[in-house]
$ cat protein09.txt   # compact mmCIF, C-alpha atoms and all ligand atoms
# COMPACT_ATOMS: atom_id res chain seq x y z
CA PRO Z 1 -9.75 -18.86 3.19
CA ARG Z 2 -11.27 -15.44 3.69
CA TYR Z 3 -9.64 -12.35 2.15
CA PHE Z 4 -9.66 -8.90 3.72
CA ALA Z 5 -8.24 -5.54 2.65
CA LEU Z 6 -6.51 -3.08 4.97
CA LEU Z 7 -5.79 0.38 3.57
CA PRO Z 8 -3.39 2.65 5.45
CA ALA Z 9 -4.69 6.19 4.79
CA ALA Z 10 -3.27 8.17 7.68
CA GLY Z 11 -0.36 9.88 5.93
CA VAL Z 12 0.02 13.63 5.49
CA GLY Z 13 1.37 13.61 1.93
CA ALA Z 14 4.44 15.76 2.64
CA ARG Z 15 6.01 15.14 -0.78
CA MET Z 16 2.79 16.01 -2.58
CA ALA Z 17 2.71 19.30 -0.66
CA ALA Z 18 -0.99 19.79 -1.43
CA ASN Z 19 -3.63 21.52 0.63
CA GLY Z 20 -4.33 18.48 2.82
CA PRO Z 21 -3.55 14.74 2.70
CA LYS Z 22 -3.08 13.43 -0.85
CA GLN Z 23 -5.46 10.46 -0.39
CA TYR Z 24 -8.35 12.95 -0.52
CA LEU Z 25 -7.26 14.78 -3.68
CA THR Z 26 -9.66 14.33 -6.57
CA VAL Z 27 -8.16 12.03 -9.20
CA GLY Z 28 -10.19 10.98 -12.21
CA GLY Z 29 -13.38 12.38 -10.73
CA LYS Z 30 -13.28 11.00 -7.21
CA PRO Z 31 -11.10 11.12 -4.12
CA MET Z 32 -7.97 9.03 -4.57
CA LEU Z 33 -8.78 6.78 -1.59
CA ARG Z 34 -12.21 6.01 -3.04
CA HIS Z 35 -10.69 4.41 -6.15
CA ALA Z 36 -8.76 1.88 -4.07
CA VAL Z 37 -11.73 1.16 -1.81
CA ASP Z 38 -14.00 0.66 -4.83
CA ALA Z 39 -11.57 -1.83 -6.41
CA PHE Z 40 -11.83 -4.05 -3.31
CA ARG Z 41 -15.60 -3.56 -3.07
CA ALA Z 42 -15.90 -4.62 -6.70
CA SER Z 43 -13.89 -7.81 -6.12
CA ALA Z 44 -16.08 -10.81 -5.36
CA LEU Z 45 -13.11 -12.42 -3.59
CA VAL Z 46 -12.85 -9.81 -0.82
CA THR Z 47 -14.96 -10.23 2.32
CA HIS Z 48 -14.47 -6.79 3.87
CA THR Z 49 -12.29 -3.68 3.59
CA TYR Z 50 -10.83 -1.73 6.52
CA VAL Z 51 -9.49 1.80 6.11
CA VAL Z 52 -7.06 3.19 8.69
CA VAL Z 53 -7.22 6.98 9.10
CA SER Z 54 -5.77 9.30 11.68
CA PRO Z 55 -7.85 9.79 14.87
CA ASP Z 56 -8.46 13.48 14.05
CA ASP Z 57 -9.35 12.98 10.37
CA GLY Z 58 -12.15 15.39 9.43
CA VAL Z 59 -12.61 14.35 5.80
CA ILE Z 60 -13.15 10.60 5.77
CA ASP Z 61 -16.89 10.73 6.59
CA SER Z 62 -17.60 12.59 3.36
CA VAL Z 63 -15.38 10.27 1.29
CA LEU Z 64 -16.73 7.01 2.74
CA PRO Z 65 -20.33 7.40 3.95
CA SER Z 66 -20.94 5.18 6.98
CA ASN Z 67 -23.64 3.24 5.10
CA LEU Z 68 -21.23 2.13 2.36
CA ASP Z 69 -21.37 -1.66 2.52
CA GLY Z 70 -18.26 -3.76 2.85
CA VAL Z 71 -16.15 -0.99 4.40
CA THR Z 72 -15.25 -0.02 7.96
CA VAL Z 73 -13.13 2.96 9.01
CA LEU Z 74 -10.64 2.49 11.86
CA ARG Z 75 -9.45 5.75 13.42
CA VAL Z 76 -6.18 4.33 14.68
CA GLY Z 77 -3.55 5.77 12.31
CA GLY Z 78 -0.05 6.25 13.72
CA ALA Z 79 3.13 8.22 13.11
CA THR Z 80 4.49 5.93 10.37
CA ARG Z 81 2.89 3.73 7.74
CA MET Z 82 4.01 0.70 9.73
CA ASP Z 83 2.32 2.02 12.88
CA SER Z 84 -0.89 2.65 10.97
CA VAL Z 85 -0.95 -0.90 9.58
CA LEU Z 86 -0.02 -2.47 12.92
CA ASN Z 87 -2.62 -0.44 14.82
CA GLY Z 88 -5.22 -1.46 12.25
CA LEU Z 89 -4.33 -5.14 12.59
CA ARG Z 90 -4.47 -4.93 16.39
CA ALA Z 91 -7.88 -3.24 16.21
CA LEU Z 92 -9.11 -6.35 14.36
CA THR Z 93 -8.21 -8.75 17.17
CA GLY Z 94 -11.11 -11.16 17.54
CA VAL Z 95 -12.58 -10.05 14.20
CA LEU Z 96 -9.97 -11.75 11.98
CA ASP Z 97 -8.42 -15.11 12.76
CA GLN Z 98 -4.79 -16.22 12.30
CA TYR Z 99 -5.37 -17.80 8.91
CA ASP Z 100 -7.41 -15.03 7.36
CA LEU Z 101 -5.51 -13.39 4.51
CA VAL Z 102 -4.99 -9.64 4.69
CA MET Z 103 -4.15 -7.54 1.63
CA VAL Z 104 -2.48 -4.31 2.73
CA HIS Z 105 -2.85 -1.62 0.06
CA ASP Z 106 -1.72 2.00 -0.09
CA ALA Z 107 -4.62 4.44 -0.26
CA ALA Z 108 -2.38 6.37 -2.66
CA ARG Z 109 -2.57 3.71 -5.41
CA PRO Z 110 -5.84 4.52 -7.21
CA GLY Z 111 -5.12 2.36 -10.28
CA LEU Z 112 -5.73 -1.00 -8.59
CA THR Z 113 -8.30 -3.21 -10.33
CA PRO Z 114 -10.26 -6.33 -9.33
CA ALA Z 115 -8.20 -8.19 -11.97
CA LEU Z 116 -4.94 -7.31 -10.20
CA ILE Z 117 -6.45 -8.35 -6.85
CA ALA Z 118 -7.42 -11.70 -8.38
CA LYS Z 119 -3.93 -12.07 -9.93
CA LEU Z 120 -2.30 -11.57 -6.51
CA ILE Z 121 -4.61 -14.06 -4.81
CA ASP Z 122 -4.09 -16.61 -7.56
CA GLY Z 123 -0.31 -16.09 -7.69
CA VAL Z 124 0.20 -16.46 -3.94
CA GLY Z 125 -2.06 -19.50 -3.74
CA ASP Z 126 -1.53 -21.27 -0.42
CA ASP Z 127 2.09 -20.12 0.02
CA PRO Z 128 2.40 -19.51 3.79
CA ALA Z 129 4.95 -16.70 3.16
CA GLY Z 130 2.35 -14.62 1.31
CA GLY Z 131 3.25 -12.34 -1.56
CA LEU Z 132 3.06 -8.95 -3.21
CA LEU Z 133 2.54 -7.22 -6.52
CA ALA Z 134 5.81 -5.79 -7.87
CA MET Z 135 7.43 -4.69 -11.13
CA PRO Z 136 10.82 -5.70 -12.55
CA VAL Z 137 13.05 -2.60 -12.43
CA VAL Z 138 13.55 -1.03 -15.87
CA ASP Z 139 15.93 1.82 -14.98
CA THR Z 140 19.71 1.61 -14.67
CA ILE Z 141 20.31 1.94 -10.94
CA LYS Z 142 23.15 4.04 -9.49
CA ARG Z 143 24.65 3.98 -6.01
CA SER Z 144 25.38 7.60 -5.10
CA ALA Z 145 28.23 8.99 -3.04
CA PRO Z 146 28.77 12.51 -1.71
CA ALA Z 147 31.10 14.81 -3.66
CA THR Z 148 33.32 17.30 -1.83
CA ASP Z 149 31.14 20.25 -2.94
CA GLY Z 150 28.03 18.68 -1.45
CA SER Z 151 26.57 17.36 -4.72
CA ARG Z 152 26.35 13.64 -5.49
CA THR Z 153 28.38 11.40 -7.76
CA SER Z 154 27.58 8.03 -9.26
CA ALA Z 155 29.88 5.66 -7.37
CA ALA Z 156 28.66 2.42 -8.86
CA THR Z 157 25.98 0.84 -11.00
CA VAL Z 158 23.87 -1.72 -9.19
CA PRO Z 159 23.08 -4.70 -11.43
CA ARG Z 160 19.41 -4.42 -12.30
CA ASP Z 161 19.08 -8.13 -12.78
CA GLY Z 162 16.80 -9.55 -10.12
CA LEU Z 163 15.63 -6.17 -8.81
CA TRP Z 164 11.90 -5.58 -8.47
CA ALA Z 165 10.03 -2.47 -7.32
CA ALA Z 166 7.39 -3.30 -4.71
CA GLN Z 167 3.77 -2.35 -5.21
CA THR Z 168 0.74 -3.14 -3.09
CA PRO Z 169 -1.46 -5.01 -2.28
CA GLN Z 170 0.83 -7.21 -0.22
CA MET Z 171 -0.95 -10.25 1.17
CA PHE Z 172 -0.12 -12.28 4.27
CA SER Z 173 -1.97 -14.31 6.83
CA TYR Z 174 -3.22 -12.16 9.69
CA GLY Z 175 -1.11 -14.09 12.21
CA LEU Z 176 2.14 -13.80 10.24
CA LEU Z 177 1.74 -10.10 9.46
CA LEU Z 178 0.89 -9.23 13.05
CA ARG Z 179 3.99 -11.11 14.26
CA ALA Z 180 6.22 -9.58 11.58
CA LEU Z 181 5.22 -5.96 12.14
CA GLY Z 182 5.07 -6.44 15.91
CA SER Z 183 8.71 -7.55 15.99
CA ALA Z 184 10.15 -5.20 13.34
CA PRO Z 185 13.02 -3.19 14.80
CA ASP Z 186 12.47 0.29 13.32
CA ALA Z 187 9.15 1.63 12.06
CA ASN Z 188 10.86 4.33 9.99
CA ALA Z 189 12.96 1.79 8.10
CA ILE Z 190 9.93 -0.33 7.18
CA THR Z 191 8.33 1.14 4.05
CA ASP Z 192 6.36 -1.96 3.13
CA ASP Z 193 4.88 -4.98 4.84
CA ALA Z 194 6.90 -7.60 2.98
CA SER Z 195 10.16 -6.27 4.44
CA ALA Z 196 8.95 -7.08 7.96
CA VAL Z 197 7.93 -10.58 6.86
CA GLU Z 198 11.36 -11.07 5.22
CA MET Z 199 13.01 -10.18 8.54
CA LEU Z 200 11.34 -13.25 10.05
CA GLY Z 201 13.11 -15.36 7.41
CA HIS Z 202 10.20 -15.81 5.00
CA ALA Z 203 10.39 -15.16 1.27
CA PRO Z 204 7.09 -13.73 0.00
CA ARG Z 205 6.16 -14.46 -3.59
CA LEU Z 206 6.62 -11.75 -6.24
CA ILE Z 207 3.64 -11.41 -8.56
CA GLU Z 208 4.05 -9.05 -11.52
CA GLY Z 209 1.79 -6.01 -11.05
CA HIS Z 210 1.05 -3.27 -13.57
CA PRO Z 211 2.29 0.29 -14.23
CA ARG Z 212 -1.27 1.58 -13.68
CA ASN Z 213 -0.89 0.59 -10.02
CA LEU Z 214 1.68 3.36 -9.41
CA LYS Z 215 1.86 5.11 -6.06
CA VAL Z 216 0.90 8.76 -6.31
CA THR Z 217 3.74 10.50 -4.47
CA LEU Z 218 4.61 13.72 -6.35
CA PRO Z 219 2.25 16.23 -8.04
CA ALA Z 220 3.12 14.97 -11.54
CA ASP Z 221 1.95 11.45 -10.58
CA ILE Z 222 -1.67 12.67 -10.51
CA ARG Z 223 -1.68 13.19 -14.29
CA ILE Z 224 -0.21 9.75 -14.87
CA ALA Z 225 -2.77 8.12 -12.57
CA GLU Z 226 -5.59 9.95 -14.37
CA MET Z 227 -4.32 8.69 -17.71
CA TYR Z 228 -4.60 5.10 -16.50
CA LEU Z 229 -7.94 5.67 -14.77
CA ALA Z 230 -9.37 7.00 -18.03
CA ASN Z 231 -8.39 3.80 -19.82
CA LYS Z 232 -9.37 0.55 -18.13
CA GLU Z 233 -7.42 -1.41 -20.75
CA ASP Z 234 -4.01 0.04 -19.80
N1 LIG C 301 0.36 6.17 5.66
C1 LIG C 301 -0.33 5.93 6.84
N2 LIG C 301 0.16 6.41 8.03
C2 LIG C 301 1.30 7.12 8.07
C3 LIG C 301 2.03 7.35 6.87
C4 LIG C 301 1.52 6.86 5.67
O1 LIG C 301 -1.38 5.29 6.83
N3 LIG C 301 1.73 7.60 9.24
C5 LIG C 301 -0.21 5.71 4.39
C6 LIG C 301 -0.46 6.85 3.39
O2 LIG C 301 -1.71 7.50 3.68
C7 LIG C 301 -0.43 6.13 2.05
C8 LIG C 301 0.50 4.94 2.30
O3 LIG C 301 0.68 4.85 3.71
O4 LIG C 301 -1.70 5.65 1.66
C9 LIG C 301 1.82 5.10 1.58
O5 LIG C 301 2.56 6.16 2.17
P1 LIG C 301 3.13 7.43 1.40
O6 LIG C 301 2.96 7.30 -0.06
O7 LIG C 301 4.49 7.69 1.94
O8 LIG C 301 2.11 8.59 1.86
P2 LIG C 301 2.40 9.80 2.84
O9 LIG C 301 3.19 9.32 4.01
O10 LIG C 301 1.10 10.47 3.11
O11 LIG C 301 3.29 10.77 1.93
P3 LIG C 301 4.70 11.44 2.30
O12 LIG C 301 5.63 10.32 2.67
O13 LIG C 301 5.11 12.19 1.09
O14 LIG C 301 4.40 12.35 3.49
MG MG C 302 5.18 8.53 3.72
$ encode --input "protein09.txt" --output "structure tokens"
Amino acid sequence: PRYFALLPAAGVGARMAANGPKQYLTVGGKPMLRHAVDAFRASALVTHTYVVVSPDDGVIDSVLPSNLDGVTVLRVGGATRMDSVLNGLRALTGVLDQYDLVMVHDAARPGLTPALIAKLIDGVGDDPAGGLLAMPVVDTIKRSAPATDGSRTSAATVPRDGLWAAQTPQMFSYGLLLRALGSAPDANAITDDASAVEMLGHAPRLIEGHPRNLKVTLPADIRIAEMYLANKED
């Protein structure tokens, strides 16, 4: 099979609250998005990488020069992550076929490596349900409830056993992912691609990822990402 990467990079980074979208912040010497793109470009297994940005993005041309081989920018980003991924997939009608495998990866995960890409591809194998990188949950998980004064209480402890935290890339056949996202009920409730595939009754494979593949969400995450980027062994 052929393997492709699709990077949603059309978010605004509200929680980062920086001066512009977080995917363009400099992390470990280059724009965050560039780290993820370079991991796919460095992987011999990946045929081509597509980056989905918002139609009015004014920064992408300086981050990804148009002559960079193996990469194409699609200016079809939407209001939610799910919309951005779905618009990107639809833009590739006739370019990708049903059985091509698509790895969807957050532009905000700069710690991805070619080794993790290879681990995902190897771990999913020919499973038609696809799969994703994820980490077993290490924290004790609480279900919160509102207190009368407006604060929150811990109403219950959710057994951690069997809980995994999703990472990306998440890999599915082009046909399955297009069907799953196209029929998902609520774009705001879909925060990853696997959840849409699960709604069709499939059980994607969980492949253990790595802490270095964290999603940069809050300002403090930048320092953590830089620590991992400085040390390829971690
Ligand atoms: N994303 C996207 N289109 C959107 C929203 C998000 O392509 N409408 C992308 C982001 O650019 C990011 C990935 O989806 O690479 C994961 O989303 P998230 O971490 O939530 O990024 P933001 O939505 O930008 O951040 P926030 O939720 O804090 O605003
Ligand atoms: Mg978001």
$ residues_near_ligand --input "protein09.txt" --ligand "ligand LIG 301 (chain C)" --cutoff "6 Å" --atoms "only C-alpha atoms and all ligand atoms" --output "list in words"
Pro8, Ala9, Ala10, Gly11, Val12, Gly13, Ala14, Arg15, Met16, Gly77, Gly78, Ala79, Thr80, Arg81, Ser84, Asp106, Ala107, Ala108 and Thr217 of chain Z
$ residues_around --input "protein09.txt" --residues "segment 186-190 of chain Z" --least-positions-apart "2" --cutoff "6 Å" --atoms "only C-alpha atoms" --output "NGL selection string"
:Z and (82 or 184 or 192)
$ residues_around --input "protein09.txt" --residues "Ile60 of chain Z" --least-positions-apart "3" --cutoff "12 Å" --atoms "all atoms listed in the file" --output "PyMOL selection string"
chain Z and resi 9-10+21+23-25+31-34+51-57+63-66+72-75
$ residues_near_point --input "protein09.txt" --point "(-5.7, -4.7, -4.6)" --cutoff "10 Å" --atoms "only C-alpha atoms" --output "ChimeraX atom specification"
/Z:5-7,36-40,43,46,103-106,109-121,132-133,167-171,209,213
$ residues_around --input "protein09.txt" --residues "Val137 of chain Z" --least-positions-apart "4" --cutoff "6 Å" --atoms "all atoms listed in the file" --output "list of chain:residue names"
Z:Leu163, Z:Trp164, Z:Ala165
$ closest_residue --input "protein09.txt" --among "Z:Arg179, Z:Lys30, Z:Lys22, Z:Lys232" --to "ligand MG 302 (chain C)" --atoms "only C-alpha atoms and all ligand atoms"
Z:Lys22
$ atom_distance --input "protein09.txt" --atom1 "atom CA of Ala156 of chain Z" --atom2 "atom CA of Ser144 of chain Z"
7.2 Å
$ atom_distance --input "protein09.txt" --atom1 "atom CA of Thr191 of chain Z" --atom2 "atom CA of Pro128 of chain Z"
21.5 Å
$ build_atoms --input "protein09.txt" --residues "segment 192-218 of chain Z" --atoms "N, CA and C atoms" --output "PDB file, in the frame of the given file"
ATOM      1  N   ASP Z 192       7.445  -1.065   3.570  1.00  0.00           N
ATOM      2  CA  ASP Z 192       6.360  -1.960   3.130  1.00  0.00           C
ATOM      3  C   ASP Z 192       6.235  -3.124   4.099  1.00  0.00           C
ATOM      4  N   ASP Z 193       5.186  -3.909   3.912  1.00  0.00           N
ATOM      5  CA  ASP Z 193       4.880  -4.980   4.840  1.00  0.00           C
ATOM      6  C   ASP Z 193       5.754  -6.201   4.595  1.00  0.00           C
ATOM      7  N   ALA Z 194       6.083  -6.436   3.319  1.00  0.00           N
ATOM      8  CA  ALA Z 194       6.900  -7.600   2.980  1.00  0.00           C
ATOM      9  C   ALA Z 194       8.259  -7.541   3.670  1.00  0.00           C
ATOM     10  N   SER Z 195       8.825  -6.348   3.825  1.00  0.00           N
ATOM     11  CA  SER Z 195      10.160  -6.270   4.440  1.00  0.00           C
ATOM     12  C   SER Z 195      10.130  -6.806   5.878  1.00  0.00           C
ATOM     13  N   ALA Z 196       9.055  -6.554   6.596  1.00  0.00           N
ATOM     14  CA  ALA Z 196       8.950  -7.080   7.960  1.00  0.00           C
ATOM     15  C   ALA Z 196       8.822  -8.598   7.955  1.00  0.00           C
ATOM     16  N   VAL Z 197       8.095  -9.127   6.971  1.00  0.00           N
ATOM     17  CA  VAL Z 197       7.930 -10.580   6.860  1.00  0.00           C
ATOM     18  C   VAL Z 197       9.271 -11.225   6.480  1.00  0.00           C
ATOM     19  N   GLU Z 198      10.031 -10.563   5.596  1.00  0.00           N
ATOM     20  CA  GLU Z 198      11.360 -11.070   5.220  1.00  0.00           C
ATOM     21  C   GLU Z 198      12.274 -11.154   6.441  1.00  0.00           C
ATOM     22  N   MET Z 199      12.153 -10.181   7.347  1.00  0.00           N
ATOM     23  CA  MET Z 199      13.010 -10.180   8.540  1.00  0.00           C
ATOM     24  C   MET Z 199      12.776 -11.387   9.426  1.00  0.00           C
ATOM     25  N   LEU Z 200      11.614 -12.017   9.292  1.00  0.00           N
ATOM     26  CA  LEU Z 200      11.340 -13.250  10.050  1.00  0.00           C
ATOM     27  C   LEU Z 200      11.884 -14.469   9.309  1.00  0.00           C
ATOM     28  N   GLY Z 201      12.513 -14.250   8.146  1.00  0.00           N
ATOM     29  CA  GLY Z 201      13.110 -15.360   7.410  1.00  0.00           C
ATOM     30  C   GLY Z 201      12.226 -15.944   6.325  1.00  0.00           C
ATOM     31  N   HIS Z 202      11.092 -15.319   6.055  1.00  0.00           N
ATOM     32  CA  HIS Z 202      10.200 -15.810   5.000  1.00  0.00           C
ATOM     33  C   HIS Z 202      10.485 -15.098   3.692  1.00  0.00           C
ATOM     34  N   ALA Z 203      10.180 -15.755   2.588  1.00  0.00           N
ATOM     35  CA  ALA Z 203      10.390 -15.160   1.270  1.00  0.00           C
ATOM     36  C   ALA Z 203       9.051 -15.053   0.545  1.00  0.00           C
ATOM     37  N   PRO Z 204       8.392 -13.901   0.659  1.00  0.00           N
ATOM     38  CA  PRO Z 204       7.090 -13.730   0.000  1.00  0.00           C
ATOM     39  C   PRO Z 204       7.218 -13.830  -1.521  1.00  0.00           C
ATOM     40  N   ARG Z 205       6.172 -14.275  -2.146  1.00  0.00           N
ATOM     41  CA  ARG Z 205       6.160 -14.460  -3.590  1.00  0.00           C
ATOM     42  C   ARG Z 205       6.000 -13.126  -4.326  1.00  0.00           C
ATOM     43  N   LEU Z 206       6.750 -12.946  -5.401  1.00  0.00           N
ATOM     44  CA  LEU Z 206       6.620 -11.750  -6.240  1.00  0.00           C
ATOM     45  C   LEU Z 206       5.678 -12.046  -7.384  1.00  0.00           C
ATOM     46  N   ILE Z 207       4.620 -11.260  -7.491  1.00  0.00           N
ATOM     47  CA  ILE Z 207       3.640 -11.410  -8.560  1.00  0.00           C
ATOM     48  C   ILE Z 207       3.712 -10.136  -9.400  1.00  0.00           C
ATOM     49  N   GLU Z 208       3.895 -10.262 -10.717  1.00  0.00           N
ATOM     50  CA  GLU Z 208       4.050  -9.050 -11.520  1.00  0.00           C
ATOM     51  C   GLU Z 208       2.764  -8.219 -11.507  1.00  0.00           C
ATOM     52  N   GLY Z 209       2.923  -6.945 -11.112  1.00  0.00           N
ATOM     53  CA  GLY Z 209       1.790  -6.010 -11.050  1.00  0.00           C
ATOM     54  C   GLY Z 209       1.592  -5.326 -12.380  1.00  0.00           C
ATOM     55  N   HIS Z 210       1.319  -4.015 -12.339  1.00  0.00           N
ATOM     56  CA  HIS Z 210       1.050  -3.270 -13.570  1.00  0.00           C
ATOM     57  C   HIS Z 210       1.426  -1.807 -13.340  1.00  0.00           C
ATOM     58  N   PRO Z 211       1.937  -1.132 -14.393  1.00  0.00           N
ATOM     59  CA  PRO Z 211       2.290   0.290 -14.230  1.00  0.00           C
ATOM     60  C   PRO Z 211       1.116   1.143 -13.750  1.00  0.00           C
ATOM     61  N   ARG Z 212      -0.114   0.776 -14.091  1.00  0.00           N
ATOM     62  CA  ARG Z 212      -1.270   1.580 -13.680  1.00  0.00           C
ATOM     63  C   ARG Z 212      -1.442   1.610 -12.153  1.00  0.00           C
ATOM     64  N   ASN Z 213      -0.792   0.688 -11.485  1.00  0.00           N
ATOM     65  CA  ASN Z 213      -0.890   0.590 -10.020  1.00  0.00           C
ATOM     66  C   ASN Z 213       0.198   1.415  -9.332  1.00  0.00           C
ATOM     67  N   LEU Z 214       0.632   2.494  -9.990  1.00  0.00           N
ATOM     68  CA  LEU Z 214       1.680   3.360  -9.410  1.00  0.00           C
ATOM     69  C   LEU Z 214       1.206   4.002  -8.116  1.00  0.00           C
ATOM     70  N   LYS Z 215       2.181   4.340  -7.258  1.00  0.00           N
ATOM     71  CA  LYS Z 215       1.860   5.110  -6.060  1.00  0.00           C
ATOM     72  C   LYS Z 215       1.966   6.586  -6.379  1.00  0.00           C
ATOM     73  N   VAL Z 216       0.912   7.320  -6.083  1.00  0.00           N
ATOM     74  CA  VAL Z 216       0.900   8.760  -6.310  1.00  0.00           C
ATOM     75  C   VAL Z 216       1.679   9.409  -5.158  1.00  0.00           C
ATOM     76  N   THR Z 217       2.843   9.942  -5.488  1.00  0.00           N
ATOM     77  CA  THR Z 217       3.740  10.500  -4.470  1.00  0.00           C
ATOM     78  C   THR Z 217       3.991  11.986  -4.713  1.00  0.00           C
ATOM     79  N   LEU Z 218       4.288  12.342  -5.974  1.00  0.00           N
ATOM     80  CA  LEU Z 218       4.610  13.720  -6.350  1.00  0.00           C
ATOM     81  C   LEU Z 218       3.473  14.292  -7.194  1.00  0.00           C
TER      82      LEU Z 218
END
